[in-house]
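Novice: My structure file data.csv, CSV, N, CA and C atoms, is below:
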chain,number,residue,atom,x,y,z
L,164,MET,N,-11.9,-23.2,14.7
L,164,MET,CA,-11.6,-22.1,13.9
L,164,MET,C,-10.1,-21.6,14.2
L,165,LEU,N,-9.8,-21.6,15.5
L,165,LEU,CA,-8.4,-21.1,15.8
L,165,LEU,C,-7.4,-22.2,16.1
L,166,LYS,N,-7.8,-23.4,16.0
L,166,LYS,CA,-6.9,-24.5,16.4
L,166,LYS,C,-5.6,-24.5,15.6
L,167,ASP,N,-5.5,-23.9,14.4
L,167,ASP,CA,-4.3,-23.9,13.6
L,167,ASP,C,-3.6,-22.6,13.6
L,168,SER,N,-4.1,-21.6,14.4
L,168,SER,CA,-3.5,-20.3,14.4
L,168,SER,C,-2.4,-20.2,15.4
L,169,ASN,N,-1.4,-19.4,15.2
L,169,ASN,CA,-0.3,-19.2,16.1
L,169,ASN,C,-0.9,-18.2,17.1
L,170,ALA,N,-0.4,-18.2,18.4
L,170,ALA,CA,-0.8,-17.4,19.4
L,170,ALA,C,0.4,-16.9,20.3
L,171,PHE,N,0.2,-15.8,21.0
L,171,PHE,CA,1.2,-15.3,21.9
L,171,PHE,C,0.5,-14.6,23.0
L,172,GLY,N,1.2,-14.4,24.1
L,172,GLY,CA,0.7,-13.6,25.2
L,172,GLY,C,1.3,-12.2,25.2
L,173,SER,N,0.6,-11.4,26.0
L,173,SER,CA,1.1,-10.0,26.1
L,173,SER,C,0.7,-9.4,27.4
L,174,PHE,N,1.5,-8.4,27.8
L,174,PHE,CA,1.2,-7.7,29.0
L,174,PHE,C,1.9,-6.3,29.0
L,175,SER,N,1.6,-5.4,29.8
L,175,SER,CA,2.1,-4.1,29.7
L,175,SER,C,3.2,-3.8,30.8
L,176,ALA,N,4.0,-2.7,30.5
L,176,ALA,CA,5.0,-2.2,31.4
L,176,ALA,C,4.9,-0.7,31.4
L,177,ASN,N,5.3,-0.1,32.5
L,177,ASN,CA,5.3,1.4,32.5
L,177,ASN,C,6.6,2.0,32.1
L,178,ASP,N,7.7,1.2,32.0
L,178,ASP,CA,9.0,1.7,31.6
L,178,ASP,C,9.6,0.6,30.7
L,179,ILE,N,9.4,0.8,29.4
L,179,ILE,CA,9.8,-0.2,28.4
L,179,ILE,C,11.3,-0.4,28.3
L,180,ASP,N,12.1,0.6,28.6
L,180,ASP,CA,13.5,0.5,28.6
L,180,ASP,C,14.0,-0.4,29.8
L,181,LYS,N,13.4,-0.2,31.0
L,181,LYS,CA,13.7,-1.0,32.1
L,181,LYS,C,13.3,-2.5,31.9
L,182,ALA,N,12.2,-2.6,31.2
L,182,ALA,CA,11.7,-4.0,30.9
L,182,ALA,C,12.7,-4.7,30.0
L,183,GLN,N,13.1,-3.9,28.9
L,183,GLN,CA,14.0,-4.5,28.0
L,183,GLN,C,15.3,-4.9,28.7
L,184,GLN,N,15.8,-4.1,29.5
L,184,GLN,CA,17.1,-4.4,30.2
L,184,GLN,C,16.9,-5.6,31.1
L,185,PHE,N,15.8,-5.7,31.9
L,185,PHE,CA,15.5,-6.8,32.8
L,185,PHE,C,15.4,-8.1,32.0
L,186,TYR,N,14.6,-8.2,31.0
L,186,TYR,CA,14.4,-9.4,30.3
L,186,TYR,C,15.6,-9.9,29.5
L,187,ALA,N,16.4,-8.9,29.0
L,187,ALA,CA,17.6,-9.3,28.3
L,187,ALA,C,18.8,-9.6,29.2
L,188,GLU,N,19.0,-8.8,30.2
L,188,GLU,CA,20.2,-8.9,31.1
L,188,GLU,C,20.0,-9.9,32.2
L,189,ALA,N,19.0,-9.6,33.0
L,189,ALA,CA,18.7,-10.5,34.2
L,189,ALA,C,18.2,-11.9,33.8
L,190,LEU,N,17.3,-11.9,32.9
L,190,LEU,CA,16.7,-13.2,32.5
L,190,LEU,C,17.5,-13.9,31.3
L,191,GLY,N,18.3,-13.2,30.6
L,191,GLY,CA,19.1,-13.7,29.5
L,191,GLY,C,18.3,-14.1,28.3
L,192,LEU,N,17.2,-13.4,28.1
L,192,LEU,CA,16.3,-13.7,26.9
L,192,LEU,C,16.6,-12.8,25.8
L,193,THR,N,16.3,-13.2,24.6
L,193,THR,CA,16.5,-12.3,23.4
L,193,THR,C,15.3,-11.4,23.3
L,194,VAL,N,15.5,-10.1,23.3
L,194,VAL,CA,14.5,-9.1,23.3
L,194,VAL,C,14.7,-8.2,22.1
L,195,GLU,N,13.6,-8.0,21.3
L,195,GLU,CA,13.7,-7.0,20.2
L,195,GLU,C,12.7,-5.9,20.5
L,196,LYS,N,13.1,-4.7,20.2
L,196,LYS,CA,12.3,-3.5,20.4
L,196,LYS,C,11.8,-3.0,19.0
L,197,ASN,N,10.5,-2.9,18.8
L,197,ASN,CA,10.0,-2.4,17.5
L,197,ASN,C,9.6,-1.0,17.7
L,198,GLU,N,10.4,0.0,17.4
L,198,GLU,CA,10.1,1.4,17.5
L,198,GLU,C,9.0,1.8,16.6
L,199,GLN,N,8.9,1.2,15.4
L,199,GLN,CA,7.9,1.6,14.5
L,199,GLN,C,6.5,1.2,15.0
L,200,MET,N,6.4,0.3,15.9
L,200,MET,CA,5.1,-0.2,16.5
L,200,MET,C,4.9,0.4,17.9
L,201,GLY,N,5.5,1.5,18.2
L,201,GLY,CA,5.3,2.1,19.5
L,201,GLY,C,6.2,1.6,20.6
L,202,ASN,N,7.4,1.1,20.3
L,202,ASN,CA,8.3,0.5,21.2
L,202,ASN,C,7.8,-0.8,21.9
L,203,ILE,N,7.1,-1.6,21.2
L,203,ILE,CA,6.7,-2.9,21.7
L,203,ILE,C,7.9,-3.8,21.7
L,204,LEU,N,8.0,-4.5,22.8
L,204,LEU,CA,9.1,-5.5,23.0
L,204,LEU,C,8.6,-6.9,22.6
L,205,THR,N,9.4,-7.6,21.8
L,205,THR,CA,9.1,-9.0,21.6
L,205,THR,C,10.1,-9.8,22.3
L,206,VAL,N,9.7,-10.7,23.2
L,206,VAL,CA,10.6,-11.5,24.1
L,206,VAL,C,10.5,-12.9,23.6
L,207,HIS,N,11.7,-13.4,23.2
L,207,HIS,CA,11.7,-14.8,22.6
L,207,HIS,C,12.1,-15.8,23.7
L,208,THR,N,11.4,-16.9,23.7
L,208,THR,CA,11.7,-18.0,24.6
L,208,THR,C,11.9,-19.3,23.8
L,209,ALA,N,12.2,-20.4,24.5
L,209,ALA,CA,12.6,-21.6,23.8
L,209,ALA,C,11.5,-22.1,22.9
L,210,GLY,N,11.9,-22.9,21.9
L,210,GLY,CA,10.9,-23.5,21.0
L,210,GLY,C,10.2,-22.6,20.0
L,211,GLY,N,10.7,-21.4,19.8
L,211,GLY,CA,10.1,-20.5,18.9
L,211,GLY,C,9.0,-19.7,19.6
L,212,ALA,N,8.7,-19.9,20.8
L,212,ALA,CA,7.6,-19.1,21.5
L,212,ALA,C,8.1,-17.7,21.8
L,213,HIS,N,7.1,-16.8,22.0
L,213,HIS,CA,7.4,-15.5,22.3
L,213,HIS,C,6.2,-14.8,23.0
L,214,PHE,N,6.5,-13.7,23.7
L,214,PHE,CA,5.4,-12.9,24.2
L,214,PHE,C,5.8,-11.4,23.9
L,215,ILE,N,4.8,-10.5,24.0
L,215,ILE,CA,5.1,-9.1,23.8
L,215,ILE,C,4.8,-8.3,25.1
L,216,ILE,N,5.6,-7.2,25.2
L,216,ILE,CA,5.4,-6.3,26.3
L,216,ILE,C,5.2,-4.9,25.6
L,217,TYR,N,4.1,-4.3,26.0
L,217,TYR,CA,3.8,-3.0,25.4
L,217,TYR,C,3.8,-1.9,26.4
L,218,PRO,N,4.2,-0.7,26.0
L,218,PRO,CA,4.3,0.4,27.0
L,218,PRO,C,2.9,0.9,27.3
L,219,LYS,N,2.7,1.2,28.6
L,219,LYS,CA,1.4,1.7,29.0
L,219,LYS,C,1.7,2.6,30.2
L,220,PRO,N,1.6,3.9,30.0
L,220,PRO,CA,1.9,4.9,31.1
L,220,PRO,C,1.1,4.7,32.4
L,221,ASN,N,-0.1,4.3,32.3
L,221,ASN,CA,-1.0,4.1,33.5
L,221,ASN,C,-1.0,2.6,33.8
L,222,HIS,N,0.0,1.9,33.6
L,222,HIS,CA,0.1,0.5,33.9
L,222,HIS,C,-0.2,0.1,35.3
L,223,ASN,N,-1.0,-0.9,35.5
L,223,ASN,CA,-1.2,-1.5,36.8
L,223,ASN,C,-0.8,-3.0,36.7
L,224,PRO,N,0.2,-3.4,37.5
L,224,PRO,CA,0.6,-4.8,37.4
L,224,PRO,C,-0.5,-5.8,37.7
L,225,ALA,N,-0.5,-6.9,37.0
L,225,ALA,CA,-1.5,-8.0,37.3
L,225,ALA,C,-1.2,-8.5,38.7
L,226,GLU,N,-2.3,-9.0,39.3
L,226,GLU,CA,-2.2,-9.6,40.6
L,226,GLU,C,-2.1,-11.2,40.5
L,227,PHE,N,-1.7,-11.6,39.3
L,227,PHE,CA,-1.5,-13.1,39.1
L,227,PHE,C,-0.3,-13.3,38.2
L,228,THR,N,0.1,-14.5,38.1
L,228,THR,CA,1.3,-14.8,37.3
L,228,THR,C,1.0,-14.6,35.8
L,229,VAL,N,1.8,-13.8,35.1
L,229,VAL,CA,1.6,-13.5,33.7
L,229,VAL,C,2.4,-14.4,32.8
L,230,TYR,N,3.5,-15.0,33.3
L,230,TYR,CA,4.3,-15.9,32.5
L,230,TYR,C,5.1,-16.8,33.4
L,231,ASN,N,5.2,-18.1,32.9
L,231,ASN,CA,5.9,-19.1,33.6
L,231,ASN,C,7.0,-19.7,32.8
L,232,PHE,N,8.2,-19.9,33.4
L,232,PHE,CA,9.3,-20.5,32.7
L,232,PHE,C,9.6,-21.9,33.3
L,233,LEU,N,9.5,-22.9,32.5
L,233,LEU,CA,9.8,-24.3,33.0
L,233,LEU,C,11.4,-24.4,33.1
L,234,VAL,N,11.8,-25.0,34.2
L,234,VAL,CA,13.3,-25.2,34.4
L,234,VAL,C,13.5,-26.6,34.8
L,235,PRO,N,14.6,-27.2,34.5
L,235,PRO,CA,14.9,-28.6,34.9
L,235,PRO,C,15.2,-28.7,36.4
L,236,ASN,N,15.8,-27.7,37.0
L,236,ASN,CA,16.2,-27.7,38.4
L,236,ASN,C,15.8,-26.3,39.0
L,237,ILE,N,14.8,-26.3,39.9
L,237,ILE,CA,14.4,-25.0,40.4
L,237,ILE,C,15.4,-24.3,41.3
L,238,ASP,N,16.1,-25.1,42.1
L,238,ASP,CA,17.1,-24.5,43.0
L,238,ASP,C,18.2,-23.8,42.2
L,239,ASP,N,18.7,-24.5,41.1
L,239,ASP,CA,19.7,-23.9,40.2
L,239,ASP,C,19.2,-22.6,39.6
L,240,ALA,N,18.0,-22.6,39.1
L,240,ALA,CA,17.4,-21.5,38.4
L,240,ALA,C,17.2,-20.3,39.4
L,241,VAL,N,16.7,-20.6,40.6
L,241,VAL,CA,16.5,-19.5,41.5
L,241,VAL,C,17.8,-18.9,41.9
L,242,ASN,N,18.8,-19.7,42.2
L,242,ASN,CA,20.1,-19.2,42.6
L,242,ASN,C,20.8,-18.4,41.5
L,243,ALA,N,20.7,-18.9,40.3
L,243,ALA,CA,21.3,-18.1,39.2
L,243,ALA,C,20.6,-16.8,39.0
L,244,LEU,N,19.3,-16.8,39.1
L,244,LEU,CA,18.6,-15.5,38.9
L,244,LEU,C,18.8,-14.5,40.1
L,245,LYS,N,18.9,-15.1,41.3
L,245,LYS,CA,19.3,-14.2,42.4
L,245,LYS,C,20.7,-13.6,42.2
L,246,GLY,N,21.6,-14.4,41.6
L,246,GLY,CA,22.9,-13.9,41.2
L,246,GLY,C,22.9,-12.8,40.2
L,247,LYS,N,21.8,-12.7,39.5
L,247,LYS,CA,21.6,-11.6,38.5
L,247,LYS,C,20.8,-10.4,39.1
L,248,GLY,N,20.5,-10.5,40.4
L,248,GLY,CA,19.8,-9.4,41.0
L,248,GLY,C,18.3,-9.5,41.1
L,249,VAL,N,17.8,-10.7,40.7
L,249,VAL,CA,16.3,-10.9,40.7
L,249,VAL,C,15.9,-11.2,42.2
L,250,THR,N,14.9,-10.5,42.6
L,250,THR,CA,14.3,-10.7,44.0
L,250,THR,C,13.1,-11.6,43.9
L,251,PHE,N,13.1,-12.7,44.7
L,251,PHE,CA,11.9,-13.6,44.7
L,251,PHE,C,11.0,-13.2,45.8
L,252,GLU,N,9.7,-13.6,45.6
L,252,GLU,CA,8.6,-13.3,46.5
L,252,GLU,C,8.7,-14.4,47.6
L,253,SER,N,8.2,-14.0,48.8
L,253,SER,CA,8.1,-15.0,49.9
L,253,SER,C,6.6,-15.0,50.3
L,254,TYR,N,6.1,-16.2,50.6
L,254,TYR,CA,4.7,-16.3,51.0
L,254,TYR,C,4.6,-17.2,52.2
L,255,ASP,N,3.7,-16.9,53.1
L,255,ASP,CA,3.5,-17.7,54.3
L,255,ASP,C,2.1,-17.5,54.7
L,256,SER,N,1.2,-18.3,54.0
L,256,SER,CA,-0.2,-18.3,54.3
L,256,SER,C,-0.7,-19.7,54.5
L,257,GLU,N,-2.0,-19.8,54.8
L,257,GLU,CA,-2.6,-21.2,54.9
L,257,GLU,C,-2.5,-22.0,53.6
L,258,TYR,N,-2.5,-21.3,52.5
L,258,TYR,CA,-2.6,-21.9,51.2
L,258,TYR,C,-1.3,-22.0,50.4
L,259,LEU,N,-0.3,-21.1,50.8
L,259,LEU,CA,0.9,-21.0,50.1
L,259,LEU,C,2.1,-20.6,51.0
L,260,LYS,N,3.1,-21.5,51.0
L,260,LYS,CA,4.3,-21.2,51.8
L,260,LYS,C,5.5,-21.4,50.9
L,261,THR,N,6.5,-20.5,51.1
L,261,THR,CA,7.8,-20.7,50.4
L,261,THR,C,8.8,-20.9,51.5
L,262,ASP,N,9.9,-21.6,51.1
L,262,ASP,CA,10.9,-22.0,52.0
L,262,ASP,C,12.0,-20.8,52.1
L,263,GLU,N,13.1,-21.1,52.7
L,263,GLU,CA,14.2,-20.1,52.9
L,263,GLU,C,14.8,-19.7,51.6
L,264,ASN,N,14.6,-20.4,50.5
L,264,ASN,CA,15.1,-20.1,49.2
L,264,ASN,C,14.0,-19.5,48.3
L,265,ASN,N,12.8,-19.2,48.9
L,265,ASN,CA,11.7,-18.6,48.2
L,265,ASN,C,11.0,-19.5,47.3
L,266,ILE,N,11.1,-20.8,47.6
L,266,ILE,CA,10.5,-21.8,46.7
L,266,ILE,C,9.3,-22.5,47.4
L,267,SER,N,8.2,-22.6,46.7
L,267,SER,CA,7.1,-23.4,47.2
L,267,SER,C,7.3,-24.8,46.7
L,268,ARG,N,7.6,-25.7,47.6
L,268,ARG,CA,7.9,-27.1,47.2
L,268,ARG,C,6.7,-27.9,47.0
L,269,GLY,N,6.5,-28.4,45.8
L,269,GLY,CA,5.4,-29.3,45.4
L,269,GLY,C,5.9,-30.7,45.4
L,270,ASP,N,5.0,-31.6,45.3
L,270,ASP,CA,5.4,-33.0,45.3
L,270,ASP,C,5.2,-33.6,43.9
L,271,GLY,N,4.8,-32.7,42.9
L,271,GLY,CA,4.6,-33.2,41.6
L,271,GLY,C,3.2,-33.8,41.4
L,272,GLY,N,2.5,-34.0,42.5
L,272,GLY,CA,1.1,-34.6,42.4
L,272,GLY,C,0.1,-33.5,42.7
L,273,GLN,N,-0.8,-33.8,43.7
L,273,GLN,CA,-1.8,-32.9,44.0
L,273,GLN,C,-1.3,-31.6,44.6
L,274,GLY,N,-0.1,-31.6,45.2
L,274,GLY,CA,0.5,-30.4,45.7
L,274,GLY,C,1.1,-29.5,44.6
L,275,GLY,N,1.1,-30.0,43.4
L,275,GLY,CA,1.6,-29.2,42.3
L,275,GLY,C,3.1,-29.3,42.2
L,276,PRO,N,3.7,-28.6,41.3
L,276,PRO,CA,5.1,-28.5,41.1
L,276,PRO,C,5.8,-27.6,42.0
L,277,SER,N,7.1,-27.7,42.1
L,277,SER,CA,7.9,-26.7,42.9
L,277,SER,C,7.9,-25.4,42.0
L,278,ILE,N,7.7,-24.3,42.7
L,278,ILE,CA,7.6,-23.0,41.9
L,278,ILE,C,8.1,-21.9,42.8
L,279,ALA,N,8.7,-20.9,42.1
L,279,ALA,CA,9.1,-19.7,42.8
L,279,ALA,C,8.7,-18.5,41.9
L,280,TRP,N,8.2,-17.4,42.6
L,280,TRP,CA,7.7,-16.2,41.9
L,280,TRP,C,8.6,-15.1,42.1
L,281,PHE,N,8.7,-14.2,41.0
L,281,PHE,CA,9.4,-13.0,41.1
L,281,PHE,C,8.7,-11.9,40.2
L,282,LYS,N,9.1,-10.7,40.4
L,282,LYS,CA,8.4,-9.6,39.6
L,282,LYS,C,9.4,-8.9,38.7
L,283,ASP,N,8.9,-8.5,37.6
L,283,ASP,CA,9.7,-7.6,36.7
L,283,ASP,C,9.7,-6.2,37.2
L,284,PRO,N,10.4,-5.3,36.6
L,284,PRO,CA,10.5,-3.9,37.1
L,284,PRO,C,9.1,-3.2,37.1
L,285,ALA,N,8.2,-3.7,36.3
L,285,ALA,CA,6.8,-3.1,36.3
L,285,ALA,C,5.9,-3.7,37.3
L,286,GLY,N,6.4,-4.7,38.0
L,286,GLY,CA,5.6,-5.4,39.0
L,286,GLY,C,4.8,-6.6,38.5
L,287,ASN,N,5.0,-6.9,37.3
L,287,ASN,CA,4.3,-8.1,36.7
L,287,ASN,C,4.9,-9.4,37.3
L,288,ILE,N,4.1,-10.3,37.7
L,288,ILE,CA,4.5,-11.5,38.4
L,288,ILE,C,4.9,-12.6,37.4
L,289,LEU,N,6.1,-13.2,37.5
L,289,LEU,CA,6.6,-14.2,36.7
L,289,LEU,C,7.0,-15.4,37.6
L,290,SER,N,7.2,-16.6,37.0
L,290,SER,CA,7.6,-17.7,37.9
L,290,SER,C,8.6,-18.6,37.1
L,291,VAL,N,9.3,-19.4,37.9
L,291,VAL,CA,10.0,-20.5,37.4
L,291,VAL,C,9.4,-21.7,38.0
L,292,ILE,N,9.1,-22.7,37.2
L,292,ILE,CA,8.5,-24.0,37.7
L,292,ILE,C,9.4,-25.1,37.3
L,293,GLU,N,9.6,-26.0,38.3
L,293,GLU,CA,10.4,-27.2,38.0
L,293,GLU,C,9.7,-28.2,37.2
L,294,GLU,N,10.2,-28.6,36.1
L,294,GLU,CA,9.6,-29.6,35.2
L,294,GLU,C,9.7,-31.0,36.0
L,295,SER,N,8.6,-31.7,35.9
L,295,SER,CA,8.6,-33.0,36.6
L,295,SER,C,8.8,-34.2,35.7
When written as structure tokens, how does the structure in this file appear?
Specialist:
Amino acid sequence: MLKDSNAFGSFSANDIDKAQQFYAEALGLTVEKNEQMGNILTVHTAGGAHFIIYPKPNHNPAEFTVYNFLVPNIDDAVNALKGKGVTFESYDSEYLKTDENNISRGDGGQGGPSIAWFKDPAGNILSVIEES
């Protein structure tokens, strides 16, 4: 029934203006604000894909990754985003470790891809993942 329907993801933010600035300026994405629809943001990504961010005053950030960006070179992407003021998460547990550049190095196989996580101003977790 839904196999031919278009779909998109969505998540909330407690400050829609900060979200708009972060996604447009720090991440370099095209962001449109629809004031007639309650200040919902539409964030455009490659290939015609998009997601929406809606304002929610009692927002609680998700405890999982809400959106992943595929990149050809994770070191270049992480360094460029750090240059824009993005702060990456560090992990050091039995199951997940990041290196000095905040990257979990995968082997492209059972260890998964190389990935680095960061948060938007509302605390939503995003990632960059190296394409294999």
Novice: Which residues, written as an mmCIF file with N, CA and C atoms, in the frame of the given file, have at least one atom at most 6.5 Å from Ile203 in chain L, with all atoms listed in the file counted and residues fewer than 2 positions away on the same chain left out?
Specialist:
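After the write, result_4.cif holds the following:
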data_model
loop_
_atom_site.group_PDB
_atom_site.id
_atom_site.type_symbol
_atom_site.label_atom_id
_atom_site.label_comp_id
_atom_site.auth_asym_id
_atom_site.auth_seq_id
_atom_site.Cartn_x
_atom_site.Cartn_y
_atom_site.Cartn_z
ATOM 1 N N GLU L 195 13.600 -8.000 21.300
ATOM 2 C CA GLU L 195 13.700 -7.000 20.200
ATOM 3 C C GLU L 195 12.700 -5.900 20.500
ATOM 4 N N LYS L 196 13.100 -4.700 20.200
ATOM 5 C CA LYS L 196 12.300 -3.500 20.400
ATOM 6 C C LYS L 196 11.800 -3.000 19.000
ATOM 7 N N ASN L 197 10.500 -2.900 18.800
ATOM 8 C CA ASN L 197 10.000 -2.400 17.500
ATOM 9 C C ASN L 197 9.600 -1.000 17.700
ATOM 10 N N GLU L 198 10.400 0.000 17.400
ATOM 11 C CA GLU L 198 10.100 1.400 17.500
ATOM 12 C C GLU L 198 9.000 1.800 16.600
ATOM 13 N N MET L 200 6.400 0.300 15.900
ATOM 14 C CA MET L 200 5.100 -0.200 16.500
ATOM 15 C C MET L 200 4.900 0.400 17.900
ATOM 16 N N GLY L 201 5.500 1.500 18.200
ATOM 17 C CA GLY L 201 5.300 2.100 19.500
ATOM 18 C C GLY L 201 6.200 1.600 20.600
ATOM 19 N N THR L 205 9.400 -7.600 21.800
ATOM 20 C CA THR L 205 9.100 -9.000 21.600
ATOM 21 C C THR L 205 10.100 -9.800 22.300
ATOM 22 N N ILE L 215 4.800 -10.500 24.000
ATOM 23 C CA ILE L 215 5.100 -9.100 23.800
ATOM 24 C C ILE L 215 4.800 -8.300 25.100
ATOM 25 N N ILE L 216 5.600 -7.200 25.200
ATOM 26 C CA ILE L 216 5.400 -6.300 26.300
ATOM 27 C C ILE L 216 5.200 -4.900 25.600
ATOM 28 N N TYR L 217 4.100 -4.300 26.000
ATOM 29 C CA TYR L 217 3.800 -3.000 25.400
ATOM 30 C C TYR L 217 3.800 -1.900 26.400
ATOM 31 N N PRO L 218 4.200 -0.700 26.000
ATOM 32 C CA PRO L 218 4.300 0.400 27.000
ATOM 33 C C PRO L 218 2.900 0.900 27.300
#
Novice: From the options L:Ala225, L:Val241, L:Ile266, L:Ala170, which residue's atoms come nearest to Ser253 in chain L, counting all atoms listed in the file?
Specialist: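 Once distances to Ser253 in chain L are computed over all atoms listed in the file, the minimum belongs to L:Ile266.
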Novice: Quick one, how far is CA of Tyr258 in chain L from CA of Trp280 in chain L?
Specialist: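 CA of Tyr258 in chain L sits 15.0 Å away from CA of Trp280 in chain L.
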Novice: Counting only N, CA and C atoms, which of L:Asn177, L:Ile237, L:Lys245, L:Ala182 gets nearest to Ile278 in chain L?
Specialist: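 Among the listed residues, the smallest separation from Ile278 in chain L belongs to L:Ile237.
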Novice: Per DSSP on the backbone, filter range 165-295 of chain L down to the residues in strand (DSSP E) and report them as a VMD selection string.
Specialist: chain L and resid 172 to 176 193 to 197 203 to 207 213 to 218 228 to 234 278 to 282 288 to 293
Novice: Which protein, DNA or RNA residues have an atom at most 10 Å from (8.6, -2.8, 39.8), counting only C-alpha atoms? List them as a list in words.
Specialist: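 It turns out the residues near that spot are Ala176, Asn177, Asp178, Lys181, Ala182, Pro224, Lys282, Asp283, Pro284, Ala285, Gly286, Asn287 and Ile288 of chain L.
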Novice: Go through L:Ala243, L:Thr250, L:Gln183, L:Asn169 and flag the residue nearest Ala212 in chain L, using only C-alpha atoms for the distances.
Specialist: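 When distances to Ala212 in chain L are compared using only C-alpha atoms, the smallest one comes from L:Asn169.
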Novice: For CA of Asn265 in chain L and CA of Gly191 in chain L, quote the distance in Å rounded to one decimal.
Specialist: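 Between these atoms lies a distance of 20.7 Å.
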